[in-house]
>>> print(open('my_file27.pdb').read())   # PDB, C-alpha atoms
ATOM      1  CA  MET A 144       0.000   0.000   0.000
ATOM      2  CA  LYS A 145       1.129   3.469  -0.782
ATOM      3  CA  ASN A 146       0.743   6.573   1.312
ATOM      4  CA  ILE A 147       0.870   4.893   4.687
ATOM      5  CA  LYS A 148       1.640   7.759   6.956
ATOM      6  CA  LYS A 149       3.460   6.862  10.121
ATOM      7  CA  ILE A 150       3.064   9.036  13.179
ATOM      8  CA  LYS A 151       4.554   9.119  16.635
ATOM      9  CA  ILE A 152       2.465   8.885  19.748
ATOM     10  CA  LYS A 153       3.298   8.362  23.403
ATOM     11  CA  ILE A 154       1.978   5.522  25.502
ATOM     12  CA  ASN A 155       2.773   5.603  29.195
ATOM     13  CA  GLY A 156       5.624   7.974  28.530
ATOM     14  CA  LYS A 157       7.193   5.848  25.794
ATOM     15  CA  SER A 158       7.326   6.820  22.163
ATOM     16  CA  LYS A 159       5.633   4.538  19.649
ATOM     17  CA  SER A 160       5.316   4.670  15.914
ATOM     18  CA  ILE A 161       1.899   3.801  14.491
ATOM     19  CA  ILE A 162      -0.089   4.347  11.326
ATOM     20  CA  HIS A 163      -1.961   7.643  11.153
ATOM     21  CA  ASN A 164      -5.618   7.292  12.133
ATOM     22  CA  THR A 165      -5.151   3.929  13.858
ATOM     23  CA  LYS A 166      -8.165   3.241  16.040
ATOM     24  CA  LEU A 167      -7.419   3.321  19.741
ATOM     25  CA  SER A 168      -9.306   0.052  20.192
ATOM     26  CA  TYR A 169      -6.985  -1.604  17.690
ATOM     27  CA  LEU A 170      -3.911  -0.391  19.538
ATOM     28  CA  LEU A 171      -5.266  -1.596  22.897
ATOM     29  CA  LYS A 172      -5.993  -5.009  21.412
ATOM     30  CA  ASP A 173      -2.507  -5.163  19.924
ATOM     31  CA  LEU A 174      -1.002  -4.386  23.347
ATOM     32  CA  LYS A 175      -3.248  -7.030  24.963
ATOM     33  CA  ILE A 176      -4.663  -4.554  27.463
ATOM     34  CA  PRO A 177      -7.348  -6.131  29.682
ATOM     35  CA  LEU A 178      -9.952  -3.378  29.339
ATOM     36  CA  ASN A 179     -11.919  -4.362  32.439
ATOM     37  CA  LYS A 180      -8.859  -3.791  34.623
ATOM     38  CA  VAL A 181      -7.558  -0.467  33.367
ATOM     39  CA  ALA A 182      -8.426   3.184  32.898
ATOM     40  CA  ILE A 183      -7.289   5.162  29.887
ATOM     41  CA  GLU A 184      -6.473   8.796  29.356
ATOM     42  CA  LEU A 185      -6.030  10.419  25.959
ATOM     43  CA  ASN A 186      -4.239  13.755  26.185
ATOM     44  CA  GLU A 187      -5.028  13.991  29.902
ATOM     45  CA  GLU A 188      -8.728  13.321  29.460
ATOM     46  CA  ILE A 189     -10.283  10.095  30.635
ATOM     47  CA  ILE A 190     -11.959   8.261  27.799
ATOM     48  CA  ASP A 191     -14.869   5.864  27.887
ATOM     49  CA  LYS A 192     -13.247   2.466  27.233
ATOM     50  CA  LYS A 193     -16.321   1.286  25.338
ATOM     51  CA  LYS A 194     -15.876   4.071  22.851
ATOM     52  CA  ALA A 195     -12.239   3.310  22.030
ATOM     53  CA  SER A 196     -13.222   2.127  18.542
ATOM     54  CA  ARG A 197     -14.495   5.609  17.721
ATOM     55  CA  ILE A 198     -11.188   7.275  18.512
ATOM     56  CA  LYS A 199      -8.614   7.620  15.762
ATOM     57  CA  LEU A 200      -5.109   8.450  16.859
ATOM     58  CA  ILE A 201      -3.195  11.370  15.442
ATOM     59  CA  LYS A 202       0.319  12.749  15.704
ATOM     60  CA  ASN A 203       1.619  13.484  19.220
ATOM     61  CA  ASP A 204      -1.350  11.917  21.002
ATOM     62  CA  LYS A 205      -0.503  11.006  24.561
ATOM     63  CA  ILE A 206      -2.068   7.900  26.022
ATOM     64  CA  GLU A 207      -1.893   6.809  29.630
ATOM     65  CA  ILE A 208      -3.070   3.352  30.623
ATOM     66  CA  VAL A 209      -3.216   2.665  34.356
ATOM     67  CA  HIS A 210      -4.243  -0.169  36.623
ATOM     68  CA  PHE A 211      -4.126  -1.111  40.283
ATOM     69  CA  ILE A 212      -0.947  -2.348  41.880
ATOM     70  CA  GLY A 213       0.066  -3.030  45.452
ATOM     71  CA  GLY A 214       0.140   0.075  47.646
ATOM     72  CA  GLY A 215      -0.392   1.288  51.177
TER      73      GLY A 215
ATOM     74  CA  MET B 251     -18.116 -18.526  75.844
ATOM     75  CA  VAL B 252     -19.481 -15.001  75.793
ATOM     76  CA  LYS B 253     -20.531 -14.049  72.315
ATOM     77  CA  LEU B 254     -20.000 -10.405  71.491
ATOM     78  CA  LYS B 255     -22.711  -8.387  69.879
ATOM     79  CA  LYS B 256     -22.269  -7.658  66.196
ATOM     80  CA  ASP B 257     -19.854  -4.779  66.041
ATOM     81  CA  ASN B 258     -19.399  -3.794  62.435
ATOM     82  CA  LEU B 259     -17.262  -1.057  61.015
ATOM     83  CA  ILE B 260     -19.527   1.129  58.922
ATOM     84  CA  ILE B 261     -18.006   3.320  56.241
ATOM     85  CA  ALA B 262     -20.092   5.152  53.645
ATOM     86  CA  ASN B 263     -23.111   3.018  54.589
ATOM     87  CA  ARG B 264     -21.211  -0.199  54.000
ATOM     88  CA  LYS B 265     -20.688  -2.753  56.742
ATOM     89  CA  PHE B 266     -17.436  -4.538  57.379
ATOM     90  CA  ASN B 267     -16.812  -7.237  59.982
ATOM     91  CA  SER B 268     -13.116  -6.528  60.209
ATOM     92  CA  ARG B 269     -11.724  -3.310  61.614
ATOM     93  CA  LEU B 270      -8.330  -3.945  60.105
ATOM     94  CA  ILE B 271      -7.548  -2.415  56.728
ATOM     95  CA  VAL B 272      -4.330  -3.537  55.095
ATOM     96  CA  GLY B 273      -2.114  -2.178  52.383
ATOM     97  CA  THR B 274      -0.976  -4.323  49.467
ATOM     98  CA  GLY B 275       2.436  -2.732  48.923
ATOM     99  CA  LYS B 276       5.972  -3.882  49.757
ATOM    100  CA  TYR B 277       5.308  -7.641  49.658
ATOM    101  CA  LYS B 278       7.825  -9.960  48.053
ATOM    102  CA  SER B 279       5.242 -11.339  45.666
ATOM    103  CA  MET B 280       1.562 -11.182  44.868
ATOM    104  CA  PRO B 281       0.842 -14.652  46.310
ATOM    105  CA  GLU B 282       2.510 -13.579  49.567
ATOM    106  CA  CYS B 283       0.403 -10.419  49.616
ATOM    107  CA  ALA B 284      -2.809 -12.350  48.941
ATOM    108  CA  LYS B 285      -2.102 -14.858  51.710
ATOM    109  CA  ALA B 286      -1.237 -12.166  54.248
ATOM    110  CA  ILE B 287      -4.513 -10.397  53.471
ATOM    111  CA  GLU B 288      -6.453 -13.608  53.924
ATOM    112  CA  LEU B 289      -4.807 -14.269  57.285
ATOM    113  CA  SER B 290      -5.378 -10.696  58.453
ATOM    114  CA  GLY B 291      -9.105 -11.078  57.884
ATOM    115  CA  ALA B 292      -9.161  -7.615  56.308
ATOM    116  CA  GLN B 293     -12.074  -6.855  54.007
ATOM    117  CA  ILE B 294     -10.676  -3.587  52.716
ATOM    118  CA  VAL B 295      -7.275  -3.236  51.067
ATOM    119  CA  THR B 296      -5.545  -0.147  49.780
ATOM    120  CA  VAL B 297      -4.209  -0.189  46.233
ATOM    121  CA  ALA B 298      -2.189   2.243  44.146
ATOM    122  CA  VAL B 299      -2.866   3.480  40.621
ATOM    123  CA  ARG B 300       0.101   3.149  38.296
ATOM    124  CA  ARG B 301       0.982   2.825  34.625
ATOM    125  CA  VAL B 302       0.465  -0.581  33.023
ATOM    126  CA  ASN B 303       3.742  -2.133  31.933
ATOM    127  CA  ILE B 304       3.288  -2.017  28.172
ATOM    128  CA  ALA B 305       6.499  -3.929  27.455
ATOM    129  CA  ASP B 306       5.636  -6.973  29.575
ATOM    130  CA  LYS B 307       2.204  -8.191  28.568
ATOM    131  CA  ASN B 308       2.320 -11.221  30.831
ATOM    132  CA  LYS B 309       3.102  -9.444  34.064
ATOM    133  CA  PRO B 310       0.779 -10.678  36.830
ATOM    134  CA  LEU B 311      -2.001  -8.284  37.812
ATOM    135  CA  LEU B 312      -3.094  -7.552  41.360
ATOM    136  CA  MET B 313      -6.699  -8.236  40.438
ATOM    137  CA  ASP B 314      -5.757 -11.785  39.460
ATOM    138  CA  TYR B 315      -4.662 -12.440  43.056
ATOM    139  CA  ILE B 316      -7.046 -10.317  45.088
ATOM    140  CA  ASP B 317     -10.596 -10.521  43.842
ATOM    141  CA  PRO B 318     -12.218  -7.067  44.001
ATOM    142  CA  LYS B 319     -15.608  -8.768  44.237
ATOM    143  CA  LYS B 320     -14.623 -10.322  47.554
ATOM    144  CA  ILE B 321     -12.272  -7.710  48.981
ATOM    145  CA  THR B 322     -13.071  -4.001  48.801
ATOM    146  CA  TYR B 323     -10.396  -2.111  46.915
ATOM    147  CA  LEU B 324      -9.579   1.276  48.374
ATOM    148  CA  PRO B 325      -7.648   3.156  45.681
ATOM    149  CA  ASN B 326      -5.101   5.570  47.101
ATOM    150  CA  THR B 327      -3.252   8.593  45.821
ATOM    151  CA  ALA B 328       0.149   7.578  47.140
ATOM    152  CA  GLY B 329       2.916   9.519  45.468
ATOM    153  CA  CYS B 330       0.723  12.550  44.769
ATOM    154  CA  PHE B 331       2.116  15.846  46.000
ATOM    155  CA  ASN B 332      -0.668  18.202  45.021
ATOM    156  CA  SER B 333      -4.389  18.362  44.624
ATOM    157  CA  LYS B 334      -4.244  18.170  40.819
ATOM    158  CA  GLU B 335      -2.318  14.885  40.813
ATOM    159  CA  ALA B 336      -4.559  13.382  43.488
ATOM    160  CA  LEU B 337      -7.745  14.278  41.651
ATOM    161  CA  ARG B 338      -6.407  12.886  38.387
ATOM    162  CA  THR B 339      -5.404   9.632  40.087
ATOM    163  CA  LEU B 340      -8.743   9.060  41.786
ATOM    164  CA  ARG B 341     -10.765   9.926  38.695
ATOM    165  CA  LEU B 342      -8.758   7.264  36.867
ATOM    166  CA  ALA B 343      -9.304   4.822  39.743
ATOM    167  CA  ARG B 344     -13.038   5.377  39.497
ATOM    168  CA  GLU B 345     -12.883   4.721  35.777
ATOM    169  CA  ILE B 346     -11.216   1.327  36.243
ATOM    170  CA  GLY B 347     -14.317  -0.106  37.793
ATOM    171  CA  GLY B 348     -16.573   2.408  39.391
ATOM    172  CA  TRP B 349     -14.690   2.843  42.651
ATOM    173  CA  LYS B 350     -16.057   5.712  44.669
ATOM    174  CA  LEU B 351     -14.717   4.831  48.088
ATOM    175  CA  VAL B 352     -11.159   6.153  47.998
ATOM    176  CA  LYS B 353      -8.223   6.993  50.192
ATOM    177  CA  LEU B 354      -6.934  10.494  49.683
ATOM    178  CA  GLU B 355      -3.306  11.043  50.545
ATOM    179  CA  VAL B 356      -1.567  14.213  49.420
ATOM    180  CA  LEU B 357       1.990  14.301  50.652
ATOM    181  CA  GLY B 358       3.948  17.440  51.326
ATOM    182  CA  ASP B 359       7.504  16.299  51.872
ATOM    183  CA  LYS B 360       9.421  13.474  50.228
ATOM    184  CA  LYS B 361      11.439  12.678  53.335
ATOM    185  CA  ASN B 362       9.017  12.741  56.246
ATOM    186  CA  LEU B 363       6.000  11.943  54.030
ATOM    187  CA  PHE B 364       3.748  14.140  56.129
ATOM    188  CA  PRO B 365       0.485  15.105  54.475
ATOM    189  CA  ASP B 366       0.082  18.543  52.916
ATOM    190  CA  MET B 367      -3.113  19.462  54.706
ATOM    191  CA  ILE B 368      -3.922  22.525  52.582
ATOM    192  CA  GLU B 369      -3.895  20.448  49.397
ATOM    193  CA  THR B 370      -5.625  17.578  51.193
ATOM    194  CA  LEU B 371      -8.473  19.820  52.327
ATOM    195  CA  LYS B 372      -8.923  21.297  48.845
ATOM    196  CA  SER B 373      -8.985  17.848  47.263
ATOM    197  CA  THR B 374     -11.445  16.458  49.804
ATOM    198  CA  GLU B 375     -13.870  19.225  48.972
ATOM    199  CA  VAL B 376     -13.643  18.714  45.201
ATOM    200  CA  LEU B 377     -13.836  14.916  45.397
ATOM    201  CA  THR B 378     -16.840  14.980  47.709
ATOM    202  CA  LYS B 379     -18.656  17.267  45.291
ATOM    203  CA  GLU B 380     -17.901  14.799  42.495
ATOM    204  CA  GLY B 381     -19.590  12.025  44.460
ATOM    205  CA  PHE B 382     -16.522  10.322  45.871
ATOM    206  CA  LYS B 383     -16.576   8.852  49.381
ATOM    207  CA  VAL B 384     -13.291  10.109  50.686
ATOM    208  CA  MET B 385     -11.309   8.524  53.486
ATOM    209  CA  VAL B 386      -8.675  11.089  54.269
ATOM    210  CA  TYR B 387      -5.111  10.489  55.389
ATOM    211  CA  CYS B 388      -4.239  13.440  57.594
ATOM    212  CA  ASN B 389      -2.012  14.602  60.386
ATOM    213  CA  ASP B 390      -3.143  14.211  63.977
ATOM    214  CA  ASP B 391      -4.387  17.792  64.271
ATOM    215  CA  PRO B 392      -7.916  18.009  65.715
ATOM    216  CA  LEU B 393      -8.601  21.325  63.981
ATOM    217  CA  MET B 394      -7.687  19.989  60.553
ATOM    218  CA  ALA B 395      -9.721  16.850  61.253
ATOM    219  CA  LYS B 396     -12.721  19.058  61.952
ATOM    220  CA  ARG B 397     -12.213  20.969  58.728
ATOM    221  CA  LEU B 398     -12.064  17.745  56.757
ATOM    222  CA  GLU B 399     -15.299  16.653  58.361
ATOM    223  CA  ASN B 400     -16.904  19.981  57.472
ATOM    224  CA  VAL B 401     -16.104  19.552  53.763
ATOM    225  CA  GLY B 402     -17.582  16.062  53.659
ATOM    226  CA  ALA B 403     -14.856  13.532  54.480
ATOM    227  CA  GLU B 404     -16.224  10.024  54.929
ATOM    228  CA  ALA B 405     -13.529   8.916  57.368
ATOM    229  CA  ILE B 406     -10.721  10.644  59.234
ATOM    230  CA  MET B 407      -7.430   8.787  59.015
ATOM    231  CA  PRO B 408      -4.735  10.438  61.107
ATOM    232  CA  LEU B 409      -1.200   9.130  61.074
ATOM    233  CA  ALA B 410       0.248   7.441  64.136
ATOM    234  CA  ALA B 411       3.744   8.402  62.959
ATOM    235  CA  PRO B 412       5.435   8.935  59.560
ATOM    236  CA  ILE B 413       4.479   6.377  56.889
ATOM    237  CA  GLY B 414       6.527   3.193  57.162
ATOM    238  CA  SER B 415       8.352   4.396  60.283
ATOM    239  CA  GLY B 416       7.033   1.750  62.675
ATOM    240  CA  LEU B 417       7.151   4.228  65.554
ATOM    241  CA  GLY B 418       3.638   3.564  66.830
ATOM    242  CA  ILE B 419       1.183   6.203  68.068
ATOM    243  CA  LEU B 420       3.205   9.284  68.956
ATOM    244  CA  ASN B 421       0.418  11.560  70.100
ATOM    245  CA  LYS B 422      -2.283   9.653  71.930
ATOM    246  CA  ILE B 423      -3.817  12.819  73.335
ATOM    247  CA  ASN B 424      -4.518  14.260  69.885
ATOM    248  CA  ILE B 425      -6.077  11.013  68.745
ATOM    249  CA  GLN B 426      -8.337  11.040  71.807
ATOM    250  CA  ILE B 427      -9.331  14.642  71.179
ATOM    251  CA  ILE B 428     -10.204  13.821  67.576
ATOM    252  CA  ARG B 429     -12.178  10.816  68.828
ATOM    253  CA  LYS B 430     -14.173  13.004  71.179
ATOM    254  CA  GLN B 431     -15.079  15.557  68.542
ATOM    255  CA  THR B 432     -16.152  13.318  65.671
ATOM    256  CA  ASN B 433     -18.641  10.570  64.993
ATOM    257  CA  LEU B 434     -17.048   9.813  61.647
ATOM    258  CA  PRO B 435     -15.060   6.591  61.339
ATOM    259  CA  LEU B 436     -11.643   7.310  62.842
ATOM    260  CA  ILE B 437      -8.914   5.110  61.469
ATOM    261  CA  ILE B 438      -5.250   5.207  62.376
ATOM    262  CA  ASP B 439      -3.313   5.193  59.149
ATOM    263  CA  ALA B 440       0.447   4.860  58.907
ATOM    264  CA  GLY B 441       3.327   4.496  61.331
ATOM    265  CA  LEU B 442       2.382   1.380  63.277
ATOM    266  CA  GLY B 443       5.210  -1.043  63.988
ATOM    267  CA  GLN B 444       3.798  -4.008  65.852
ATOM    268  CA  ALA B 445       0.499  -5.589  66.756
ATOM    269  CA  SER B 446       0.247  -3.933  70.171
ATOM    270  CA  ASP B 447       0.258  -0.516  68.445
ATOM    271  CA  ALA B 448      -3.011  -1.525  66.804
ATOM    272  CA  THR B 449      -4.443  -2.560  70.162
ATOM    273  CA  ILE B 450      -3.539   0.850  71.600
ATOM    274  CA  ALA B 451      -5.197   2.602  68.650
ATOM    275  CA  MET B 452      -8.381   0.648  69.220
ATOM    276  CA  GLU B 453      -8.268   1.268  72.973
ATOM    277  CA  LEU B 454      -8.087   4.987  72.280
ATOM    278  CA  GLY B 455     -11.469   4.594  70.623
ATOM    279  CA  CYS B 456     -10.457   4.418  66.984
ATOM    280  CA  ASP B 457     -12.825   2.554  64.671
ATOM    281  CA  GLY B 458     -10.072   0.797  62.799
ATOM    282  CA  VAL B 459      -6.440   0.742  61.769
ATOM    283  CA  LEU B 460      -4.716   0.701  58.416
ATOM    284  CA  VAL B 461      -1.456  -1.239  58.269
ATOM    285  CA  ASN B 462       0.928  -2.035  55.480
ATOM    286  CA  THR B 463       4.651  -1.975  56.212
ATOM    287  CA  ALA B 464       4.405  -3.504  59.701
ATOM    288  CA  ILE B 465       2.930  -6.658  58.151
ATOM    289  CA  ALA B 466       4.592  -6.715  54.736
ATOM    290  CA  LYS B 467       8.096  -6.112  56.084
ATOM    291  CA  ALA B 468       7.868  -8.233  59.237
ATOM    292  CA  LYS B 469      10.268 -11.193  59.253
ATOM    293  CA  LYS B 470       7.195 -13.429  59.129
ATOM    294  CA  PRO B 471       4.448 -11.476  57.349
ATOM    295  CA  PHE B 472       1.828 -14.223  57.691
ATOM    296  CA  ASP B 473       2.293 -14.498  61.451
ATOM    297  CA  MET B 474       2.256 -10.720  61.786
ATOM    298  CA  ALA B 475      -0.946 -10.498  59.724
ATOM    299  CA  LEU B 476      -2.572 -12.856  62.200
ATOM    300  CA  ALA B 477      -1.130 -10.947  65.149
ATOM    301  CA  PHE B 478      -2.627  -7.679  63.851
ATOM    302  CA  LYS B 479      -5.984  -9.357  63.308
ATOM    303  CA  HIS B 480      -6.118 -10.438  66.945
ATOM    304  CA  ALA B 481      -4.637  -7.178  68.214
ATOM    305  CA  VAL B 482      -7.416  -5.143  66.590
ATOM    306  CA  ILE B 483     -10.102  -7.443  67.995
ATOM    307  CA  ALA B 484      -8.497  -7.333  71.463
ATOM    308  CA  GLY B 485      -8.207  -3.554  71.433
ATOM    309  CA  ARG B 486     -11.783  -3.081  70.322
ATOM    310  CA  GLN B 487     -13.095  -5.464  72.993
ATOM    311  CA  SER B 488     -10.990  -3.746  75.618
ATOM    312  CA  TYR B 489     -12.297  -0.322  74.585
ATOM    313  CA  LYS B 490     -15.899  -1.494  74.605
ATOM    314  CA  SER B 491     -15.458  -3.196  77.974
ATOM    315  CA  GLY B 492     -14.697   0.035  79.808
ATOM    316  CA  ARG B 493     -11.354   0.105  81.501
ATOM    317  CA  ILE B 494     -10.863   0.733  85.230
ATOM    318  CA  ASP B 495      -9.817   4.132  86.516
ATOM    319  CA  LYS B 496      -6.134   4.720  87.059
ATOM    320  CA  ILE B 497      -5.112   5.265  90.688
ATOM    321  CA  LEU B 498      -1.789   6.141  92.194
ATOM    322  CA  MET B 499      -1.602   3.599  95.035
ATOM    323  CA  GLY B 500      -2.221  -0.152  95.233
ATOM    324  CA  ASN B 501      -5.647  -1.683  95.752
ATOM    325  CA  PRO B 502      -5.542  -5.359  96.880
ATOM    326  CA  SER B 503      -7.258  -7.911  94.690
ATOM    327  CA  SER B 504      -7.867 -10.322  97.615
ATOM    328  CA  PRO B 505     -10.276  -9.478 100.498
ATOM    329  CA  THR B 506      -8.600  -7.811 103.462
ATOM    330  CA  LYS B 507     -11.191  -9.321 105.842
ATOM    331  CA  GLY B 508     -10.689 -12.727 107.428
ATOM    332  CA  ILE B 509      -6.941 -12.755 107.135
ATOM    333  CA  ILE B 510      -5.569 -15.415 109.546
TER     334      ILE B 510
END
>>> encode(input="my_file27.pdb", output="structure tokens")
Amino acid sequence: MKNIKKIKIKINGKSKSIIHNTKLSYLLKDLKIPLNKVAIELNEEIIDKKKASRIKLIKNDKIEIVHFIGGG
Amino acid sequence: MVKLKKDNLIIANRKFNSRLIVGTGKYKSMPECAKAIELSGAQIVTVAVRRVNIADKNKPLLMDYIDPKKITYLPNTAGCFNSKEALRTLRLAREIGGWKLVKLEVLGDKKNLFPDMIETLKSTEVLTKEGFKVMVYCNDDPLMAKRLENVGAEAIMPLAAPIGSGLGILNKINIQIIRKQTNLPLIIDAGLGQASDATIAMELGCDGVLVNTAIAKAKKPFDMALAFKHAVIAGRQSYKSGRIDKILMGNPSSPTKGII
């Protein structure tokens, strides 16, 4: 395929190269993220996990995926 | 055997049999953490919100070891040093699975880990307005405790001593004053070192204790978890039983009449 535009985004502080307009849901699936155990922020705004398929990622998007770990 | 009346801990209209809340940090492994929790009898555990490790997809998850359907997760804001960070963390925690009962902890100093009470107060107010049920880690200042109550805190959780210090309750008088002024759940959070510290907290009239390091870092965490379980029960029973007055001189336990 021609014209595949690669962009850089950040996930949990790390740079990642993906195809422009990749759906967020696709990326989460690729990373094997268990959706029922995480919360997701896109550019510092919490997103509804169920609507991840409606979000297309663009250049410089910042994604944070968090879960619960041991703590006091 | 005398059976005690049901004596539940009630927080945000929810009943808990156990008055011991335990942290899930600092354990050697998740199975060790899960077993210690089971032995402690705790029904509420604190958890932290952190980034998922994207690189290691097979890393074990806390939820795989501690079932949030059986044990109440109390998300914390550990590591947050201002109101903005704390609010962000707890909003994310709520998003993970609808958690509204949370532990707010806004620290002010990286060395002594004392709470920043100005930021804590601000955050409590905002979170309460957003519908959160906020259990607030605070210093042992009765005036601040009152202010937290006035802005809608669900539980007051003063420190016994700095987090992880194991020093035990440093200011019993303040804890008693806070106890006298509030009907909110009063839970000692942070600084306990051994089981008897928990008993003392309960004897001061606290509704519960929150322990992490003292169990997780004990030489035998499982035994210590059990010790804390019993210590909290003993302290509560002692408090409810009504202790004798303190007197300066001796008072014989055997009758003084009929001595041969």
>>> residues_around(input="my_file27.pdb", residues="Thr327 (chain B)", least_positions_apart="2", cutoff="6 Å", atoms="only C-alpha atoms", output="list in words")
Cys330, Ala336, Leu354 and Glu355 of chain B
>>> residues_around(input="my_file27.pdb", residues="region 209-211 of chain A", least_positions_apart="4", cutoff="7 Å", atoms="all atoms listed in the file", output="PyMOL selection string")
(chain A and resi 180-183) or (chain B and resi 297-302+312)
>>> closest_residue(input="my_file27.pdb", among="B:Gly275, B:Gly416, B:Pro471, B:Gly347", to="chain A", atoms="only C-alpha atoms")
B:Gly275
>>> closest_atom_pairs(input="my_file27.pdb", of="chain A", to="chain B", cutoff="9 Å", atoms="only C-alpha atoms", output="JSON lines")
{"residue": "A:Ile154", "atom": "CA", "partner": "B:Ile304", "partner_atom": "CA", "distance": 8.1}
{"residue": "A:Asn155", "atom": "CA", "partner": "B:Arg301", "partner_atom": "CA", "distance": 6.4}
{"residue": "A:Leu174", "atom": "CA", "partner": "B:Ile304", "partner_atom": "CA", "distance": 6.9}
{"residue": "A:Lys175", "atom": "CA", "partner": "B:Lys307", "partner_atom": "CA", "distance": 6.6}
{"residue": "A:Ile176", "atom": "CA", "partner": "B:Lys307", "partner_atom": "CA", "distance": 7.8}
{"residue": "A:Leu178", "atom": "CA", "partner": "B:Ile346", "partner_atom": "CA", "distance": 8.4}
{"residue": "A:Asn179", "atom": "CA", "partner": "B:Ile346", "partner_atom": "CA", "distance": 6.9}
{"residue": "A:Lys180", "atom": "CA", "partner": "B:Ile346", "partner_atom": "CA", "distance": 5.9}
{"residue": "A:Val181", "atom": "CA", "partner": "B:Ile346", "partner_atom": "CA", "distance": 5.0}
{"residue": "A:Ala182", "atom": "CA", "partner": "B:Ile346", "partner_atom": "CA", "distance": 4.7}
{"residue": "A:Ile183", "atom": "CA", "partner": "B:Leu342", "partner_atom": "CA", "distance": 7.4}
{"residue": "A:Glu184", "atom": "CA", "partner": "B:Leu342", "partner_atom": "CA", "distance": 8.0}
{"residue": "A:Glu187", "atom": "CA", "partner": "B:Arg338", "partner_atom": "CA", "distance": 8.7}
{"residue": "A:Ile189", "atom": "CA", "partner": "B:Leu342", "partner_atom": "CA", "distance": 7.0}
{"residue": "A:Ile190", "atom": "CA", "partner": "B:Glu345", "partner_atom": "CA", "distance": 8.8}
{"residue": "A:Asp191", "atom": "CA", "partner": "B:Glu345", "partner_atom": "CA", "distance": 8.2}
{"residue": "A:Lys192", "atom": "CA", "partner": "B:Glu345", "partner_atom": "CA", "distance": 8.8}
{"residue": "A:Glu207", "atom": "CA", "partner": "B:Arg301", "partner_atom": "CA", "distance": 7.0}
{"residue": "A:Ile208", "atom": "CA", "partner": "B:Arg301", "partner_atom": "CA", "distance": 5.7}
{"residue": "A:Val209", "atom": "CA", "partner": "B:Arg301", "partner_atom": "CA", "distance": 4.2}
{"residue": "A:His210", "atom": "CA", "partner": "B:Val299", "partner_atom": "CA", "distance": 5.6}
{"residue": "A:Phe211", "atom": "CA", "partner": "B:Val299", "partner_atom": "CA", "distance": 4.8}
{"residue": "A:Ile212", "atom": "CA", "partner": "B:Ala298", "partner_atom": "CA", "distance": 5.3}
{"residue": "A:Gly213", "atom": "CA", "partner": "B:Gly275", "partner_atom": "CA", "distance": 4.2}
{"residue": "A:Gly214", "atom": "CA", "partner": "B:Gly275", "partner_atom": "CA", "distance": 3.8}
{"residue": "A:Gly215", "atom": "CA", "partner": "B:Gly273", "partner_atom": "CA", "distance": 4.1}
>>> residues_around(input="my_file27.pdb", residues="Lys153 (chain A)", least_positions_apart="2", cutoff="10 Å", atoms="all atoms listed in the file", output="short mmCIF file (atom, residue, chain, number, x, y, z; two decimals) with C-alpha atoms, in the frame of the given file")
data_model
loop_
_atom_site.label_atom_id
_atom_site.label_comp_id
_atom_site.auth_asym_id
_atom_site.auth_seq_id
_atom_site.Cartn_x
_atom_site.Cartn_y
_atom_site.Cartn_z
CA LYS A 151 4.55 9.12 16.64
CA ASN A 155 2.77 5.60 29.20
CA GLY A 156 5.62 7.97 28.53
CA LYS A 157 7.19 5.85 25.79
CA SER A 158 7.33 6.82 22.16
CA LYS A 159 5.63 4.54 19.65
CA SER A 160 5.32 4.67 15.91
CA LEU A 185 -6.03 10.42 25.96
CA ASN A 186 -4.24 13.76 26.18
CA LYS A 202 0.32 12.75 15.70
CA ASN A 203 1.62 13.48 19.22
CA ASP A 204 -1.35 11.92 21.00
CA LYS A 205 -0.50 11.01 24.56
CA ILE A 206 -2.07 7.90 26.02
CA GLU A 207 -1.89 6.81 29.63
#
>>> residues_near_point(input="my_file27.pdb", point="(2.9, 11.0, 49.1)", cutoff="6 Å", atoms="only C-alpha atoms", output="number ranges by chain")
B: 328-331, 356-357, 363
>>> residues_around(input="my_file27.pdb", residues="Lys265 (chain B)", least_positions_apart="4", cutoff="12 Å", atoms="only C-alpha atoms", output="PDB file with C-alpha atoms, in the coordinates of the input")
ATOM      1  CA  LYS B 256     -22.269  -7.658  66.196  1.00  0.00           C
ATOM      2  CA  ASP B 257     -19.854  -4.779  66.041  1.00  0.00           C
ATOM      3  CA  ASN B 258     -19.399  -3.794  62.435  1.00  0.00           C
ATOM      4  CA  LEU B 259     -17.262  -1.057  61.015  1.00  0.00           C
ATOM      5  CA  ILE B 260     -19.527   1.129  58.922  1.00  0.00           C
ATOM      6  CA  ILE B 261     -18.006   3.320  56.241  1.00  0.00           C
ATOM      7  CA  ARG B 269     -11.724  -3.310  61.614  1.00  0.00           C
ATOM      8  CA  GLN B 293     -12.074  -6.855  54.007  1.00  0.00           C
ATOM      9  CA  ILE B 294     -10.676  -3.587  52.716  1.00  0.00           C
ATOM     10  CA  THR B 322     -13.071  -4.001  48.801  1.00  0.00           C
ATOM     11  CA  PRO B 435     -15.060   6.591  61.339  1.00  0.00           C
TER      12      PRO B 435
END
